[in-house]
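Read the structure below first, then the notes.
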Amino acid sequence: MLCFRMLVCLHTLLLLGGMFLAAHAGGIVADHRAVQEYSRIPPVWLAKAKALAIHYGHTSHGSQIMSGLGVLQTINATYAIEVRSAWDNPDWPPPVPSTALRIFDGQPEFGEQPADDYVTPELYWASADGLARTRYVAGLGRYNASMWAFCGQMSEYGSAEINTYLQALNTLEGEFPSMRFIYQTGHTDGGSAQWTSNVEQVRQYVREHNKVLFDFADIEMHDPAGVAHPTMTDACEWCEDWCTAHPEDCDFEIDDCAHTHKLQCIQKAKAMWWLAARLAGWPGAGAVAVPAITTLMMQTP
């Protein structure tokens, strides 16, 4: 009986702390392989992903993820999302079960700064005012993760500016240990030397410090079969050929997929669902899961 009670207590503690442990167990990289594993996310982990709430700041390129998430939801309601805009109350969502992945899209009004859904570096991490707004949202205690997307800065910044970005997110993680701040690479530009160096700088930092990365560049660079197209730009030169050969992959309507082919929006949305499942605790396709505590309890005399 004592053993049973101890296991019940352990199970309860694991349930309460599972989200925190899952989100902070180590590094996670959502790249083109995440797109390939998207269809293998178990239903139980999709459900757990819907318990998450994510804060997301971006400009036009980053909107591709949101556009793709909207299409996936239309195609299959299993991938439901609930979105609040920058002009809504950021003190959301309520701590109740959810049937949709919840996203606060933009930066809210803060101090004398108006709400904005076109979130430049200065509005998120590259200025004192931007950091104050990001800290405000994080400090609400409503969000499991926060992510910001590059536009063309990855092709323009020097190494020092990339380092400032990395250190800003690392500082935020230290200040808000119950959240993960999701790093990103920038959209492809044909493989310029500056872009290549900056992308690798971000990837190396993520690897060395066990961060969470949404590898925007790697997702763009690979077609659904996993074949790399290293000289492509954000216009996605391989997409039309792929859709001609695989029309079923492109048989959907989309209102807008900024700067690129509509297939790229779907690719990135699939990677986002994979990342949400990983943040919720899914070990990934092919990983060996630990037996459930409830199963062990049932086997205890």
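Chains: A, B, ... in order of the structure tokens. Residues: from 1 per chain. Ligands: from 1, in order shown.
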
Sorted by chain and rising residue number, which residues of range 265-284 of chain A lie within 12 Å of range 174-187 of chain A, and what are their closest atom pairs and distances in Å to one decimal, counting only C-alpha atoms, as a tab-separated table?
residue	atom	partner	partner_atom	distance
A:Lys268	CA	A:His187	CA	11.4
A:Met272	CA	A:Ile182	CA	11.0
A:Leu275	CA	A:Ile182	CA	9.8
A:Ala276	CA	A:Ile182	CA	10.9
A:Arg278	CA	A:Arg180	CA	11.9
A:Leu279	CA	A:Arg180	CA	8.6
A:Ala280	CA	A:Arg180	CA	11.3

Residue neighbourhood Trp92 in chain A, 9 Å, only C-alpha atoms, exclusion window fewer than 6 positions, as a count of residues only: 6

Contact residues around Asn76 in chain A with only C-alpha atoms at 12 Å, ignoring same-chain residues under 5 positions, as a list of chain:residue names: A:Ser39, A:Leu69, A:Gly70, A:Val71, A:Ile81, A:Phe252

Closest of A:Ala100, A:Trp125, A:Glu82, A:Ala145 to Ala49 in chain A - atom-to-atom distances counting only C-alpha atoms: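 Smallest separation from Ala49 in chain A among the options: A:Ala100.
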
Spatial neighbours of Thr99 in chain A, max dist 9 Å, only C-alpha atoms, sep filter under 3 positions, as a VMD selection string: chain A and resid 47 50 to 51 78 80 to 82

Go ahead and write the residues just picked, C-alpha atoms, as a short mmCIF file (atom, residue, chain, number, x, y, z; two decimals), in the first residue's frame.
data_model
loop_
_atom_site.label_atom_id
_atom_site.label_comp_id
_atom_site.auth_asym_id
_atom_site.auth_seq_id
_atom_site.Cartn_x
_atom_site.Cartn_y
_atom_site.Cartn_z
CA ALA A 47 -3.68 17.26 -27.36
CA LYS A 50 -2.96 22.44 -27.37
CA ALA A 51 -2.38 23.10 -23.68
CA THR A 78 -7.36 18.39 -35.51
CA ALA A 80 -6.99 23.88 -34.52
CA ILE A 81 -5.47 27.19 -33.46
CA GLU A 82 -6.86 30.05 -31.40
#

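In this comparison, which uses only C-alpha atoms, the residue of A:Asp234, A:Asp223, A:His259, A:Ile254 approaching Gln36 in chain A most closely is A:Asp223.
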
Residue with smallest distance to Ser67 in chain A - pool A:Pro97, A:Val212, A:Thr134, A:Gln264, counting only C-alpha atoms: A:Gln264
